[in-house]
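Undergrad: Here it is: the structure, laid out below.
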Amino acid sequence: MDAPLRGAWLRAGISRDGGPLLETGHVVWLQSGDLYADSRGFAGTTSYDGERITFHHDVGTPGHDVGVLRAEGTGMIETGVNLDGSTFLEVWTPLPDGEGPAGSWTAEGTQTVRVGSHVVHVDAAGHGTHHVLPA
């Protein structure tokens with residue numbers, strides 16, 4: 001499946017190379033149209049070739065992620081291969097308060113995406129921050 005056109009997602013866990021599903025940090029991915037921002041410090045555009053989705057890192061940490069998304073209940077499972085050949089499986093759950101305004105802005109090497117009350121900002125140096133706006 002292609003990335004949703006809109007979504008606020010919290011990573012519930014990651015497995016690397018078939019290892020255990022763990023979560024060691026607060027990782028948020030916001031998607032608005034074909035633009036996304038990830039609190040790990042990268043943002044950019046998504047593309048879909050009918051089989052795989054690519055998250056192009058246009059801002060922040062260089063690279064790209066190529067994987068396959070599938071729905072599982074209200075969440076999503078992403079599987080793929082990293083640039084170094086290692087594999088990953090990530091479990092994403094929807095964040096509350098993702099309704100309301102959505103949009104994205106790119107300026108001077110930064111990208112900011114808002115979905116509902118959630119905002120992720122990524123700067124050119126690869127620093128990502130997640131903010132929750134007051135209701």
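Each chain in the structure tokens gets a letter, A, B and so on, in the order shown; residues start at 1 in every chain, and ligands are counted from 1 in the order they appear.
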Residues within 7 Å of A:Trp9, please, as a PDB file with N, CA and C atoms, in the first residue's frame. Count only C-alpha atoms; anything in the same chain fewer than 3 positions from it doesn't count.
TA:
ATOM      1  N   VAL A  28       8.129   9.818  15.979  1.00  0.00           N
ATOM      2  CA  VAL A  28       6.875  10.262  15.377  1.00  0.00           C
ATOM      3  C   VAL A  28       7.096  10.520  13.896  1.00  0.00           C
ATOM      4  N   TRP A  29       6.154  10.037  13.080  1.00  0.00           N
ATOM      5  CA  TRP A  29       6.143  10.277  11.633  1.00  0.00           C
ATOM      6  C   TRP A  29       4.832  10.973  11.313  1.00  0.00           C
ATOM      7  N   LEU A  30       4.916  12.122  10.638  1.00  0.00           N
ATOM      8  CA  LEU A  30       3.737  12.843  10.173  1.00  0.00           C
ATOM      9  C   LEU A  30       3.750  12.870   8.655  1.00  0.00           C
ATOM     10  N   TRP A  92       3.725   0.895  13.528  1.00  0.00           N
ATOM     11  CA  TRP A  92       3.277   2.275  13.695  1.00  0.00           C
ATOM     12  C   TRP A  92       1.829   2.281  14.170  1.00  0.00           C
ATOM     13  N   THR A  93       1.539   3.101  15.194  1.00  0.00           N
ATOM     14  CA  THR A  93       0.175   3.239  15.706  1.00  0.00           C
ATOM     15  C   THR A  93      -0.266   4.693  15.549  1.00  0.00           C
ATOM     16  N   PRO A  94      -1.543   4.921  15.296  1.00  0.00           N
ATOM     17  CA  PRO A  94      -2.000   6.299  15.117  1.00  0.00           C
ATOM     18  C   PRO A  94      -1.927   7.077  16.435  1.00  0.00           C
ATOM     19  N   LEU A  95      -1.493   8.333  16.334  1.00  0.00           N
ATOM     20  CA  LEU A  95      -1.471   9.221  17.494  1.00  0.00           C
ATOM     21  C   LEU A  95      -2.859   9.820  17.702  1.00  0.00           C
TER      22      LEU A  95
END
Undergrad: Any idea what's packed within 6 Å of stretch 39-47 of chain A, counting only C-alpha atoms, ignoring anything in its chain fewer than 4 positions away? Could you give it as a list in words?
TA: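 Within the cut-off, the hits are Val27, Val28, Asp34, Leu35, Ile53, Thr54, Phe55, His56, His57, Asp58, Val59, Gly60, Thr61, Val122, Gly126, His127, Gly128, Thr129 and His130 of chain A.
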Undergrad: May I ask which of the residues A:Ser104, A:Leu133, A:Leu83, A:Gly75 is the closest one to A:Gly116, counting only C-alpha atoms?
TA: A:Leu133
Undergrad: Taking the backbone alone, and naming residues the way the document does, which bits of stretch 32-128 of chain A are strand (DSSP E or B) by DSSP, as a ChimeraX atom specification?
TA: /A:32,35-38,42-48,53-60,64-72,75-81,87-94,102-107,110-115,118-122,128
Undergrad: Expressed in Å to a single decimal, how great is the separation between atom CA of A:Gly103 and atom CA of A:Ser32?
TA: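 Computed distance, atom CA of A:Gly103 to atom CA of A:Ser32, equals 5.7 Å.
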Undergrad: Residues of stretch 62-83 of chain A that have any atom at most 12 Å from an atom of stretch 17-26 of chain A: could you tabulate them with the shortest-distance atom pair and the distance in Å to one decimal, using only C-alpha atoms, ordered by chain and increasing number, as a Markdown table?
TA:
| residue | atom | partner | partner_atom | distance |
| --- | --- | --- | --- | --- |
| A:Ile77 | CA | A:Leu21 | CA | 11.9 |
| A:Thr79 | CA | A:Asp17 | CA | 10.5 |
| A:Gly80 | CA | A:Asp17 | CA | 10.0 |
| A:Val81 | CA | A:Asp17 | CA | 9.1 |
| A:Asn82 | CA | A:Asp17 | CA | 10.1 |
